[in-house]
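Asks: My structure is in input.cif, and what it holds is mmCIF, C-alpha atoms:
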```cif
data_entry
#
loop_
_atom_site.group_PDB
_atom_site.id
_atom_site.type_symbol
_atom_site.label_atom_id
_atom_site.label_comp_id
_atom_site.auth_asym_id
_atom_site.auth_seq_id
_atom_site.Cartn_x
_atom_site.Cartn_y
_atom_site.Cartn_z
ATOM 1 C CA MET A 167 75.171 130.217 77.471
ATOM 2 C CA PHE A 168 76.321 130.599 81.089
ATOM 3 C CA ARG A 169 73.599 132.086 83.270
ATOM 4 C CA PRO A 170 74.639 133.219 86.796
ATOM 5 C CA ARG A 171 71.087 133.078 88.113
ATOM 6 C CA ALA A 172 70.718 129.519 86.882
ATOM 7 C CA LEU A 173 73.909 128.640 88.722
ATOM 8 C CA VAL A 174 72.547 130.212 91.921
ATOM 9 C CA GLY A 175 69.331 128.202 91.521
ATOM 10 C CA LEU A 176 71.322 125.008 91.056
ATOM 11 C CA LEU A 177 73.484 125.798 94.082
ATOM 12 C CA THR A 178 70.405 126.417 96.222
ATOM 13 C CA ALA A 179 68.820 123.161 95.056
ATOM 14 C CA VAL A 180 71.975 121.247 95.925
ATOM 15 C CA LEU A 181 72.133 122.856 99.343
ATOM 16 C CA LEU A 182 68.450 122.211 100.039
ATOM 17 C CA ALA A 183 68.753 118.505 99.193
ATOM 18 C CA PRO A 184 70.567 117.603 102.428
ATOM 19 C CA LEU A 185 68.114 119.823 104.305
ATOM 20 C CA THR A 186 65.274 117.605 103.146
ATOM 21 C CA ALA A 187 67.126 114.508 104.296
ATOM 22 C CA ALA A 188 67.912 116.089 107.652
ATOM 23 C CA CYS A 189 64.273 117.050 108.234
ATOM 24 C CA SER A 190 63.026 113.583 107.377
ATOM 25 C CA ASP A 191 63.980 112.387 110.866
ATOM 26 C CA ALA A 192 62.838 115.555 112.633
ATOM 27 C CA GLY A 193 60.838 113.565 115.153
ATOM 28 C CA SER A 194 63.196 110.646 115.540
ATOM 29 C CA GLY A 195 64.615 111.760 118.870
ATOM 30 C CA GLY A 196 67.856 110.110 119.923
ATOM 31 C CA ALA A 197 70.397 110.726 122.658
ATOM 32 C CA GLY A 198 70.362 114.471 121.997
ATOM 33 C CA GLY A 199 66.558 114.752 121.901
ATOM 34 C CA PRO A 200 64.336 115.479 118.912
ATOM 35 C CA ALA A 201 66.278 116.518 115.821
ATOM 36 C CA VAL A 202 65.550 119.896 114.238
ATOM 37 C CA THR A 203 67.055 121.549 111.188
ATOM 38 C CA VAL A 204 67.990 125.228 111.307
ATOM 39 C CA ALA A 205 68.521 126.895 107.922
ATOM 40 C CA ALA A 206 70.930 129.804 108.406
ATOM 41 C CA SER A 207 72.603 132.410 106.212
ATOM 42 C CA ASP A 208 74.710 135.313 107.535
ATOM 43 C CA HIS A 209 77.370 133.813 109.827
ATOM 44 C CA LEU A 210 77.960 137.000 111.822
ATOM 45 C CA GLY A 211 74.333 138.089 112.052
ATOM 46 C CA GLY A 212 73.430 134.613 113.234
ATOM 47 C CA ALA A 213 76.563 134.177 115.372
ATOM 48 C CA PRO A 214 74.644 132.850 118.422
ATOM 49 C CA VAL A 215 73.399 129.959 116.281
ATOM 50 C CA TYR A 216 76.922 129.061 115.180
ATOM 51 C CA VAL A 217 78.371 129.371 118.683
ATOM 52 C CA ALA A 218 75.609 127.094 119.997
ATOM 53 C CA GLN A 219 76.347 124.619 117.203
ATOM 54 C CA GLU A 220 80.116 124.613 117.694
ATOM 55 C CA ARG A 221 79.810 124.149 121.452
ATOM 56 C CA ASN A 222 76.723 121.917 121.288
ATOM 57 C CA HIS A 223 74.663 124.022 123.673
ATOM 58 C CA TRP A 224 71.603 122.277 122.227
ATOM 59 C CA ALA A 225 72.394 119.109 124.184
ATOM 60 C CA ALA A 226 71.946 120.843 127.550
ATOM 61 C CA GLU A 227 68.426 121.773 126.442
ATOM 62 C CA GLY A 228 67.569 118.308 125.172
ATOM 63 C CA VAL A 229 67.638 119.366 121.522
ATOM 64 C CA ARG A 230 69.597 117.814 118.638
ATOM 65 C CA ALA A 231 70.020 120.561 116.045
ATOM 66 C CA ASP A 232 71.460 120.452 112.548
ATOM 67 C CA VAL A 233 72.538 123.889 111.268
ATOM 68 C CA ARG A 234 72.840 124.276 107.495
ATOM 69 C CA THR A 235 74.075 127.477 105.827
ATOM 70 C CA LEU A 236 72.426 128.762 102.633
ATOM 71 C CA PRO A 237 73.519 131.669 100.403
ATOM 72 C CA THR A 238 70.916 134.196 101.642
ATOM 73 C CA GLY A 239 68.236 134.654 104.263
ATOM 74 C CA ARG A 240 65.709 134.452 101.444
ATOM 75 C CA ASP A 241 66.915 130.919 100.718
ATOM 76 C CA ALA A 242 66.790 130.043 104.427
ATOM 77 C CA LEU A 243 63.217 131.308 104.604
ATOM 78 C CA ASN A 244 62.259 129.281 101.541
ATOM 79 C CA ALA A 245 63.664 126.181 103.274
ATOM 80 C CA VAL A 246 61.341 126.846 106.224
ATOM 81 C CA LEU A 247 58.339 127.558 104.013
ATOM 82 C CA GLY A 248 59.051 124.445 101.972
ATOM 83 C CA GLY A 249 59.283 122.226 105.034
ATOM 84 C CA GLN A 250 62.998 121.468 104.645
ATOM 85 C CA ALA A 251 63.795 123.234 107.936
ATOM 86 C CA ALA A 252 61.880 123.888 111.132
ATOM 87 C CA TYR A 253 63.695 127.169 111.802
ATOM 88 C CA GLY A 254 65.441 129.797 109.725
ATOM 89 C CA VAL A 255 67.931 132.590 110.384
ATOM 90 C CA VAL A 256 66.755 135.356 108.067
ATOM 91 C CA GLY A 257 66.881 139.098 107.502
ATOM 92 C CA ASP A 258 63.975 141.369 108.297
ATOM 93 C CA LEU A 259 62.811 141.924 104.712
ATOM 94 C CA PRO A 260 62.322 138.236 103.776
ATOM 95 C CA ALA A 261 60.210 137.827 106.913
ATOM 96 C CA VAL A 262 58.082 140.830 105.925
ATOM 97 C CA THR A 263 57.526 139.652 102.361
ATOM 98 C CA ALA A 264 56.495 136.212 103.620
ATOM 99 C CA ALA A 265 54.015 137.816 106.009
ATOM 100 C CA LEU A 266 52.549 140.007 103.275
ATOM 101 C CA GLY A 267 52.196 136.936 101.104
ATOM 102 C CA GLY A 268 50.161 135.202 103.792
ATOM 103 C CA ARG A 269 52.777 132.507 104.386
ATOM 104 C CA ASP A 270 52.692 130.546 107.630
ATOM 105 C CA VAL A 271 55.854 131.717 109.363
ATOM 106 C CA ARG A 272 56.480 133.162 112.830
ATOM 107 C CA VAL A 273 59.229 135.470 114.079
ATOM 108 C CA VAL A 274 60.295 134.049 117.450
ATOM 109 C CA ALA A 275 63.293 136.310 118.174
ATOM 110 C CA GLU A 276 65.492 139.059 116.880
ATOM 111 C CA LEU A 277 69.061 137.801 117.258
ATOM 112 C CA SER A 278 71.196 140.783 116.253
ATOM 113 C CA THR A 279 71.307 144.222 114.654
ATOM 114 C CA PHE A 280 73.806 145.774 112.242
ATOM 115 C CA THR A 281 74.093 149.274 110.747
ATOM 116 C CA ASP A 282 77.483 149.528 108.968
ATOM 117 C CA TRP A 283 76.455 149.290 105.298
ATOM 118 C CA ARG A 284 78.527 150.249 102.240
ATOM 119 C CA LEU A 285 77.633 151.213 98.711
ATOM 120 C CA LEU A 286 80.455 149.662 96.660
ATOM 121 C CA THR A 287 81.525 151.373 93.460
ATOM 122 C CA ARG A 288 84.461 152.278 91.213
ATOM 123 C CA THR A 289 86.503 155.460 91.102
ATOM 124 C CA ASP A 290 85.799 155.822 87.365
ATOM 125 C CA ARG A 291 81.975 155.874 87.744
ATOM 126 C CA GLY A 292 81.641 159.240 89.447
ATOM 127 C CA VAL A 293 79.520 158.017 92.344
ATOM 128 C CA THR A 294 80.692 160.462 94.997
ATOM 129 C CA GLY A 295 77.342 160.621 96.799
ATOM 130 C CA PHE A 296 74.045 158.752 96.834
ATOM 131 C CA ASP A 297 72.514 161.523 94.715
ATOM 132 C CA ARG A 298 74.998 160.612 91.960
ATOM 133 C CA LEU A 299 73.411 157.190 91.429
ATOM 134 C CA ARG A 300 70.825 158.485 88.959
ATOM 135 C CA GLY A 301 70.981 156.450 85.745
ATOM 136 C CA LYS A 302 73.467 153.953 87.174
ATOM 137 C CA ARG A 303 73.322 150.153 87.077
ATOM 138 C CA ILE A 304 73.369 148.751 90.611
ATOM 139 C CA GLY A 305 73.936 145.103 91.478
ATOM 140 C CA VAL A 306 71.961 143.808 94.451
ATOM 141 C CA PRO A 307 70.562 140.452 95.659
ATOM 142 C CA ARG A 308 66.847 141.100 95.193
ATOM 143 C CA GLY A 309 64.419 139.966 97.871
ATOM 144 C CA THR A 310 66.940 140.298 100.710
ATOM 145 C CA ASN A 311 67.371 142.968 103.364
ATOM 146 C CA VAL A 312 70.296 144.221 101.249
ATOM 147 C CA GLU A 313 67.760 145.443 98.693
ATOM 148 C CA TYR A 314 65.983 147.394 101.409
ATOM 149 C CA ALA A 315 69.320 148.895 102.480
ATOM 150 C CA LEU A 316 69.768 150.094 98.903
ATOM 151 C CA SER A 317 66.295 151.641 98.924
ATOM 152 C CA ARG A 318 67.258 153.683 101.981
ATOM 153 C CA MET A 319 70.465 154.794 100.261
ATOM 154 C CA LEU A 320 68.459 155.948 97.267
ATOM 155 C CA THR A 321 66.093 157.840 99.553
ATOM 156 C CA ALA A 322 69.101 159.532 101.148
ATOM 157 C CA GLY A 323 70.030 160.739 97.662
ATOM 158 C CA ARG A 324 66.435 161.850 96.911
ATOM 159 C CA LEU A 325 66.114 159.055 94.361
ATOM 160 C CA THR A 326 63.887 156.019 93.865
ATOM 161 C CA ALA A 327 64.357 152.645 92.184
ATOM 162 C CA ALA A 328 62.868 154.178 89.037
ATOM 163 C CA ASP A 329 65.927 156.440 88.773
ATOM 164 C CA VAL A 330 68.370 153.512 88.514
ATOM 165 C CA THR A 331 68.630 150.074 86.916
ATOM 166 C CA LEU A 332 68.655 147.231 89.421
ATOM 167 C CA VAL A 333 70.606 144.129 88.420
ATOM 168 C CA ASN A 334 69.722 141.000 90.415
ATOM 169 C CA LEU A 335 72.968 139.325 91.519
ATOM 170 C CA ALA A 336 73.845 136.713 94.097
ATOM 171 C CA PRO A 337 75.806 138.279 96.983
ATOM 172 C CA ASN A 338 79.084 136.697 95.839
ATOM 173 C CA GLN A 339 78.594 137.916 92.254
ATOM 174 C CA VAL A 340 78.715 141.627 93.109
ATOM 175 C CA PRO A 341 82.540 141.961 93.372
ATOM 176 C CA ALA A 342 83.185 140.355 89.969
ATOM 177 C CA ALA A 343 80.368 142.300 88.304
ATOM 178 C CA LEU A 344 81.910 145.544 89.538
ATOM 179 C CA ALA A 345 85.384 144.480 88.398
ATOM 180 C CA ARG A 346 84.086 143.661 84.899
ATOM 181 C CA GLY A 347 82.159 146.924 84.713
ATOM 182 C CA ASP A 348 78.805 145.160 84.339
ATOM 183 C CA VAL A 349 77.428 147.419 87.074
ATOM 184 C CA ASP A 350 78.401 150.872 88.282
ATOM 185 C CA ALA A 351 77.729 150.187 91.954
ATOM 186 C CA GLY A 352 76.646 147.350 94.192
ATOM 187 C CA VAL A 353 75.280 146.522 97.611
ATOM 188 C CA THR A 354 75.976 143.115 99.108
ATOM 189 C CA PHE A 355 76.622 141.338 102.390
ATOM 190 C CA PRO A 356 79.483 142.741 104.499
ATOM 191 C CA SER A 357 81.344 139.449 104.099
ATOM 192 C CA PHE A 358 81.999 140.449 100.460
ATOM 193 C CA TYR A 359 83.347 143.950 101.154
ATOM 194 C CA ASP A 360 86.958 142.757 101.253
ATOM 195 C CA ALA A 361 86.506 140.650 98.120
ATOM 196 C CA THR A 362 85.263 143.748 96.305
ATOM 197 C CA ARG A 363 88.226 145.786 97.509
ATOM 198 C CA THR A 364 90.582 143.085 96.262
ATOM 199 C CA ALA A 365 88.807 142.715 92.901
ATOM 200 C CA LEU A 366 88.883 146.460 92.186
ATOM 201 C CA GLY A 367 92.264 147.366 93.615
ATOM 202 C CA ALA A 368 93.041 151.049 93.001
ATOM 203 C CA ARG A 369 89.616 151.509 91.366
ATOM 204 C CA HIS A 370 87.776 150.647 94.586
ATOM 205 C CA ALA A 371 85.524 153.257 96.170
ATOM 206 C CA GLU A 372 82.713 153.031 98.695
ATOM 207 C CA LEU A 373 80.161 155.161 100.508
ATOM 208 C CA ARG A 374 79.338 154.278 104.106
ATOM 209 C CA PHE A 375 75.706 154.240 105.182
ATOM 210 C CA THR A 376 74.246 153.916 108.669
ATOM 211 C CA GLY A 377 70.661 154.867 107.856
ATOM 212 C CA TYR A 378 69.306 151.323 108.050
ATOM 213 C CA THR A 379 69.449 148.875 110.938
ATOM 214 C CA ALA A 380 69.385 145.321 109.627
ATOM 215 C CA ARG A 381 67.839 142.809 112.011
ATOM 216 C CA THR A 382 68.720 139.128 111.917
ATOM 217 C CA LEU A 383 65.679 137.104 112.953
ATOM 218 C CA LEU A 384 64.963 133.543 114.011
ATOM 219 C CA VAL A 385 61.748 132.357 112.382
ATOM 220 C CA SER A 386 59.839 129.125 112.804
ATOM 221 C CA GLY A 387 57.675 127.161 110.420
ATOM 222 C CA PRO A 388 54.200 125.746 110.997
ATOM 223 C CA GLY A 389 55.547 122.483 112.402
ATOM 224 C CA ALA A 390 57.630 124.069 115.167
ATOM 225 C CA GLU A 391 56.532 123.096 118.673
ATOM 226 C CA ALA A 392 56.563 125.860 121.316
ATOM 227 C CA GLY A 393 58.489 123.862 123.933
ATOM 228 C CA ARG A 394 61.181 122.907 121.439
ATOM 229 C CA THR A 395 61.427 126.521 120.280
ATOM 230 C CA THR A 396 61.943 127.664 123.875
ATOM 231 C CA ALA A 397 64.673 125.047 124.349
ATOM 232 C CA LEU A 398 66.382 126.253 121.171
ATOM 233 C CA LEU A 399 66.194 129.843 122.395
ATOM 234 C CA ARG A 400 67.697 128.941 125.771
ATOM 235 C CA ALA A 401 70.715 127.528 123.965
ATOM 236 C CA LEU A 402 70.985 130.724 121.908
ATOM 237 C CA LEU A 403 70.750 132.890 125.026
ATOM 238 C CA ARG A 404 73.715 130.996 126.467
ATOM 239 C CA ALA A 405 75.663 131.574 123.263
ATOM 240 C CA GLN A 406 74.704 135.251 123.395
ATOM 241 C CA GLN A 407 76.190 135.529 126.892
ATOM 242 C CA GLU A 408 79.417 133.964 125.643
ATOM 243 C CA LEU A 409 79.579 136.439 122.753
ATOM 244 C CA ALA A 410 79.529 139.239 125.320
ATOM 245 C CA ALA A 411 81.868 137.630 127.873
ATOM 246 C CA ASP A 412 84.470 136.230 125.479
ATOM 247 C CA PRO A 413 84.145 137.847 122.020
ATOM 248 C CA ALA A 414 87.388 136.344 120.698
ATOM 249 C CA GLY A 415 86.509 132.819 121.775
ATOM 250 C CA ALA A 416 82.998 133.109 120.368
ATOM 251 C CA ARG A 417 84.420 134.494 117.130
ATOM 252 C CA ASN A 418 86.664 131.456 116.813
ATOM 253 C CA ALA A 419 83.606 129.244 117.202
ATOM 254 C CA VAL A 420 81.844 131.123 114.398
ATOM 255 C CA LEU A 421 84.933 130.865 112.176
ATOM 256 C CA ALA A 422 85.116 127.117 112.783
ATOM 257 C CA GLN A 423 81.477 126.711 111.832
ATOM 258 C CA SER A 424 81.907 128.839 108.696
ATOM 259 C CA LYS A 425 84.258 126.150 107.318
ATOM 260 C CA GLY A 426 86.386 128.690 105.485
ATOM 261 C CA ALA A 427 83.567 130.953 104.292
ATOM 262 C CA LEU A 428 84.725 133.703 106.669
ATOM 263 C CA GLN A 429 88.240 135.080 106.936
ATOM 264 C CA PRO A 430 89.625 135.789 110.428
ATOM 265 C CA ALA A 431 90.450 139.429 109.615
ATOM 266 C CA TYR A 432 86.911 140.084 108.402
ATOM 267 C CA ALA A 433 85.334 138.432 111.451
ATOM 268 C CA ALA A 434 87.622 140.373 113.809
ATOM 269 C CA ALA A 435 86.712 143.666 112.129
ATOM 270 C CA PHE A 436 82.974 143.175 111.716
ATOM 271 C CA GLN A 437 81.698 140.956 114.526
ATOM 272 C CA PRO A 438 82.055 143.855 117.035
ATOM 273 C CA ARG A 439 79.771 145.911 114.764
ATOM 274 C CA TYR A 440 76.868 143.561 115.432
ATOM 275 C CA ALA A 441 74.790 143.973 118.588
ATOM 276 C CA TYR A 442 73.637 140.593 119.893
ATOM 277 C CA ARG A 443 70.541 140.552 122.067
ATOM 278 C CA ALA A 444 67.646 138.144 121.653
ATOM 279 C CA SER A 445 64.490 140.235 121.864
ATOM 280 C CA LEU A 446 61.034 141.023 120.534
ATOM 281 C CA SER A 447 60.426 144.745 120.831
ATOM 282 C CA PRO A 448 58.183 147.587 119.647
ATOM 283 C CA ALA A 449 61.180 148.874 117.624
ATOM 284 C CA LEU A 450 61.224 145.640 115.630
ATOM 285 C CA LEU A 451 57.483 145.872 114.978
ATOM 286 C CA ARG A 452 57.794 149.470 113.800
ATOM 287 C CA GLN A 453 60.558 148.529 111.381
ATOM 288 C CA LEU A 454 58.602 145.576 109.993
ATOM 289 C CA HIS A 455 55.727 147.983 109.381
ATOM 290 C CA GLU A 456 57.994 150.472 107.550
ATOM 291 C CA GLU A 457 59.465 147.716 105.402
ATOM 292 C CA GLY A 458 56.011 146.336 104.711
ATOM 293 C CA VAL A 459 54.843 149.693 103.395
ATOM 294 C CA TRP A 460 57.943 149.872 101.174
ATOM 295 C CA ALA A 461 57.538 146.288 99.940
ATOM 296 C CA LYS A 462 53.915 146.854 98.965
ATOM 297 C CA SER A 463 54.878 149.998 97.044
ATOM 298 C CA ALA A 464 58.106 148.745 95.454
ATOM 299 C CA GLN A 465 57.171 145.127 94.798
ATOM 300 C CA GLY A 466 53.380 145.237 94.575
ATOM 301 C CA LEU A 467 52.962 142.627 97.311
ATOM 302 C CA PRO A 468 49.503 141.776 98.675
ATOM 303 C CA GLY A 469 48.497 141.662 102.321
ATOM 304 C CA SER A 470 48.294 144.303 105.008
ATOM 305 C CA ALA A 471 51.363 146.190 106.222
ATOM 306 C CA ASP A 472 49.536 147.586 109.254
ATOM 307 C CA GLU A 473 51.322 147.076 112.566
ATOM 308 C CA ALA A 474 48.325 145.158 113.894
ATOM 309 C CA ALA A 475 48.560 142.684 111.006
ATOM 310 C CA LEU A 476 52.325 142.277 111.287
ATOM 311 C CA ARG A 477 52.081 141.880 115.068
ATOM 312 C CA LYS A 478 50.367 138.547 114.403
ATOM 313 C CA VAL A 479 53.561 137.291 112.763
ATOM 314 C CA LEU A 480 55.511 137.771 116.004
ATOM 315 C CA ASP A 481 55.291 134.833 118.406
ATOM 316 C CA PRO A 482 56.602 135.995 121.801
ATOM 317 C CA ALA A 483 55.553 132.996 123.909
ATOM 318 C CA PRO A 484 58.693 130.815 123.411
ATOM 319 C CA LEU A 485 61.129 133.686 124.065
ATOM 320 C CA ARG A 486 59.084 134.907 127.026
ATOM 321 C CA ALA A 487 59.340 131.426 128.500
ATOM 322 C CA ALA A 488 63.125 131.426 127.988
ATOM 323 C CA ASP A 489 63.741 135.007 129.167
ATOM 324 C CA PRO A 490 60.717 137.140 130.170
ATOM 325 C CA ALA A 491 62.768 140.360 130.110
ATOM 326 C CA ALA A 492 63.626 139.837 126.417
ATOM 327 C CA VAL A 493 60.027 140.504 125.316
ATOM 328 C CA THR A 494 58.873 144.136 125.558
ATOM 329 C CA LEU A 495 55.976 143.963 123.122
ATOM 330 C CA PRO A 496 52.675 145.193 124.569
#
```
Taking this structure as input, can you express it in the form of C-alpha cells?
Replies:
Amino acid sequence: MFRPRALVGLLTAVLLAPLTAACSDAGSGGAGGPAVTVAASDHLGGAPVYVAQERNHWAAEGVRADVRTLPTGRDALNAVLGGQAAYGVVGDLPAVTAALGGRDVRVVAELSTFTDWRLLTRTDRGVTGFDRLRGKRIGVPRGTNVEYALSRMLTAGRLTAADVTLVNLAPNQVPAALARGDVDAGVTFPSFYDATRTALGARHAELRFTGYTARTLLVSGPGAEAGRTTALLRALLRAQQELAADPAGARNAVLAQSKGALQPAYAAAFQPRYAYRASLSPALLRQLHEEGVWAKSAQGLPGSADEAALRKVLDPAPLRAADPAAVTLP
C-alpha cells in the first residue's frame, strides 16, 4: 500500500545521503577555505543563503560552503543534529522544540521574517472564518513553524487542536489532499499556495492570516567554530545588502539556486513580503518563549520554556563580531 509519509521519509534519507558525504571533508580546507555544509529549506525565507551561494560570497570570507535544500526546516535541523551539516536554515518552532529536548544547537542569527499566511480550503467546506474550523480535518506538516501558524489561526477562531483533526502531510502533499477531499483545509508553505489554487480551480478558497510572524533562523551544531560562523555571517550580511539594493537581481539568484523549485511569478509576488535583516533581538527571544509554552502544552515536550533557559540557546558572539549593531539582546 502506498504510504505518503514513507515516501517523505525515503526522500529525506536520499537527500541526507549527499549531506553526509559533503560533511565528511568538513575540515579538508582547499582553495576556498574549510568546507562547511549548510542544510537549508525555505528558499525565500533563507534568500540571503542562496544569494551568497549563487554569487559565491563565501570565498571573500575564506569559507567554502555547500548549500543543500531539504523539504522542511525540521529536516534541516535534523541534519544539523545528526552531524550531516554544520549549519541549518530552519523555522522558529523546530529550533524551540530542539531546545526543549535538550539538543545541542545554537541560534546564531535570525535571517528574515514573514507574516502573510493563508488557510487554504474549498468553497464546498463552509470554512468562511477560523471559527468555522470546528470538526474539520486540516492538513499540516507537523513539527514545523506552519503547525504553529495553524495554532494561532485556531486561537483566532476561539478553538484549539482538540476541536479539529490534524492530518500530518508533507508541504507538497497539501494541495493534492485538498483536491481529493481528504482534508477540509490545509496550511502549508507559501511556495505551495499557487499549486493549491491550480489544483482546486473554481473550488479554491483561502483565509488570510497575519497574526503570526514566522522567523527564519540560522542555527549551528556543536561542531561549528565561532570564527567560521562569523565568516559565514559576513557573507550573508553582504547578500542581505544586495537583497535591499537590487531586489530583482537577488531574486534571480534565488531562482537560479532553487533549480526549478520556485516559479518566477511566485518569487516576484512573495519575496517582497519577507523582511531580511540578520539580527538577534529581544523580540525573537519573546517569541521563542511563547512558542515554547505552546509546544510544552500541545506536544508534551520536556525542558524549560522560560526566557532565561531559551536565552542560552542564542549565541550572539559570532553575529556581534560580524555586525555589532545586529545584536540587541541584553
Asks: Show me, as a list in words, the residues that have an atom within 7 Å of Ala351 of chain A when counting only C-alpha atoms, minus same-chain residues fewer than 2 positions from it.
Replies: Leu285, Leu286, Thr287, Arg303, Ile304, Gly305, Leu344 and Val349 of chain A
Asks: Env of Asn222 of chain A: 12 Å cut, atoms = all atoms listed in the file, seq-sep filter 3 positions within chain, self excluded. Answer as an mmCIF file with C-alpha atoms, in the frame of the given file.
Replies:
```cif
data_model
loop_
_atom_site.group_PDB
_atom_site.id
_atom_site.type_symbol
_atom_site.label_atom_id
_atom_site.label_comp_id
_atom_site.auth_asym_id
_atom_site.auth_seq_id
_atom_site.Cartn_x
_atom_site.Cartn_y
_atom_site.Cartn_z
ATOM 1 C CA GLY A 198 70.362 114.471 121.997
ATOM 2 C CA PRO A 214 74.644 132.850 118.422
ATOM 3 C CA VAL A 215 73.399 129.959 116.281
ATOM 4 C CA TYR A 216 76.922 129.061 115.180
ATOM 5 C CA VAL A 217 78.371 129.371 118.683
ATOM 6 C CA ALA A 218 75.609 127.094 119.997
ATOM 7 C CA GLN A 219 76.347 124.619 117.203
ATOM 8 C CA ALA A 225 72.394 119.109 124.184
ATOM 9 C CA ALA A 226 71.946 120.843 127.550
ATOM 10 C CA GLU A 227 68.426 121.773 126.442
ATOM 11 C CA GLY A 228 67.569 118.308 125.172
ATOM 12 C CA VAL A 229 67.638 119.366 121.522
ATOM 13 C CA ARG A 230 69.597 117.814 118.638
ATOM 14 C CA ALA A 231 70.020 120.561 116.045
ATOM 15 C CA ASP A 232 71.460 120.452 112.548
ATOM 16 C CA VAL A 233 72.538 123.889 111.268
ATOM 17 C CA LEU A 398 66.382 126.253 121.171
ATOM 18 C CA ALA A 401 70.715 127.528 123.965
ATOM 19 C CA LEU A 402 70.985 130.724 121.908
ATOM 20 C CA ARG A 404 73.715 130.996 126.467
ATOM 21 C CA ALA A 405 75.663 131.574 123.263
ATOM 22 C CA ALA A 419 83.606 129.244 117.202
ATOM 23 C CA GLN A 423 81.477 126.711 111.832
#
```
Asks: If you measure from atom CA of Phe355 of chain A to atom CA of Arg221 of chain A, what distance in Å do you get, rounded to one decimal?
Replies: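 Distance reported for this atom pair: 25.9 Å.
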Asks: For each of A:Ala343, A:Val420, A:Ala487, A:Val262, take the minimum atom-to-atom distance to Arg400 of chain A, counting only C-alpha atoms, then give the residue where this is smallest.
Replies: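 Smallest separation from Arg400 of chain A among the options: A:Ala487.
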Asks: Using the chain letters and numbering of this document, enumerate as number ranges by chain the residues selected by the PyMOL selection byres ((chain A and resi 317) around 12).
Replies: A: 259, 285, 296, 299, 304, 306, 308-316, 318-330, 332, 353, 375, 377-378, 457, 460-461, 463-465
Asks: Using all atoms listed in the file, pick whichever of A:Val204, A:Leu335, A:Ala441, A:Leu451 has the shortest atom-to-atom distance to Pro496 of chain A.
Replies: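 Checking each of A:Val204, A:Leu335, A:Ala441, A:Leu451 against Pro496 of chain A, counting all atoms listed in the file, the winner is A:Leu451.
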Asks: Excluding Asp290 of chain A and its own-chain neighbours fewer than 3 positions away, which residues fall within 10 Å of it when counting all atoms listed in the file? Please give them as a PyMOL selection string.
Replies: chain A and resi 287+293+347+350+369-371
Asks: I want to know what sits within 8 Å of Glu473 of chain A, based on all atoms listed in the file, with residues of the same chain fewer than 3 positions away left out; could you give that as a PDB file with C-alpha atoms, in the frame of the given file?
Replies:
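Written file, result06.pdb:
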```pdb
ATOM      1  CA  LEU A 451      57.483 145.872 114.978  1.00  0.00           C
ATOM      2  CA  ARG A 452      57.794 149.470 113.800  1.00  0.00           C
ATOM      3  CA  LEU A 454      58.602 145.576 109.993  1.00  0.00           C
ATOM      4  CA  HIS A 455      55.727 147.983 109.381  1.00  0.00           C
ATOM      5  CA  LEU A 476      52.325 142.277 111.287  1.00  0.00           C
ATOM      6  CA  ARG A 477      52.081 141.880 115.068  1.00  0.00           C
TER       7      ARG A 477
END
```
Asks: Would you write out, as JSON, numbers by chain, every residue that the PyMOL selection byres ((chain A and resi 271-281) around 7) captures in this file?
Replies: {"A": [211, 212, 269, 270, 282, 283, 376, 378, 379, 380, 381, 382, 383, 384, 385, 386, 387, 388, 439, 440, 441, 442, 443, 444, 445, 446, 479, 480, 481, 482, 484, 485]}
Asks: If you measure from atom CA of Ala483 of chain A to atom CA of Leu467 of chain A, what distance in Å do you get, rounded to one decimal?
Replies: 28.4 Å
Asks: So how far away is atom CA of Gly466 of chain A from atom CA of Thr263 of chain A, in Å?
Replies: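 So the two atoms, atom CA of Thr263 of chain A and atom CA of Gly466 of chain A, lie 10.4 Å apart.
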Asks: With distances taken over only C-alpha atoms, which residue among A:Leu450, A:Leu373, A:Ala390, A:Ala336 lies nearest Val246 of chain A?
Replies: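 Using only C-alpha atoms, the shortest distance to Val246 of chain A belongs to A:Ala390.
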Asks: Near Pro430 of chain A, within 12 Å and counting all atoms listed in the file, which residues show up once chain neighbours fewer than 5 positions away are dropped, as a list in words?
Replies: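 Surrounding residues, per the criterion: Leu210, Ser357, Asp360, Ala414, Arg417, Asn418, Ala419, Val420, Leu421, Ala422, Ser424, Lys425, Ala435, Phe436 and Gln437 of chain A.
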Asks: Print the selection's residues with C-alpha atoms to a file, as an mmCIF file, in the frame of the given file.
Replies:
```
data_model
loop_
_atom_site.group_PDB
_atom_site.id
_atom_site.type_symbol
_atom_site.label_atom_id
_atom_site.label_comp_id
_atom_site.auth_asym_id
_atom_site.auth_seq_id
_atom_site.Cartn_x
_atom_site.Cartn_y
_atom_site.Cartn_z
ATOM 1 C CA LEU A 210 77.960 137.000 111.822
ATOM 2 C CA SER A 357 81.344 139.449 104.099
ATOM 3 C CA ASP A 360 86.958 142.757 101.253
ATOM 4 C CA ALA A 414 87.388 136.344 120.698
ATOM 5 C CA ARG A 417 84.420 134.494 117.130
ATOM 6 C CA ASN A 418 86.664 131.456 116.813
ATOM 7 C CA ALA A 419 83.606 129.244 117.202
ATOM 8 C CA VAL A 420 81.844 131.123 114.398
ATOM 9 C CA LEU A 421 84.933 130.865 112.176
ATOM 10 C CA ALA A 422 85.116 127.117 112.783
ATOM 11 C CA SER A 424 81.907 128.839 108.696
ATOM 12 C CA LYS A 425 84.258 126.150 107.318
ATOM 13 C CA ALA A 435 86.712 143.666 112.129
ATOM 14 C CA PHE A 436 82.974 143.175 111.716
ATOM 15 C CA GLN A 437 81.698 140.956 114.526
#
```
Asks: For Thr235 of chain A, which residue among A:Leu409, A:Ala433, A:Leu403, A:Ala427 is the nearest when counting only C-alpha atoms?
Replies: A:Ala427
Asks: May I ask which of the residues A:Gly268, A:Pro413, A:Pro356, A:Gly393 is the closest one to Arg486 of chain A, counting all atoms listed in the file?
Replies: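 So, comparing all the options, the nearest one is A:Gly393.
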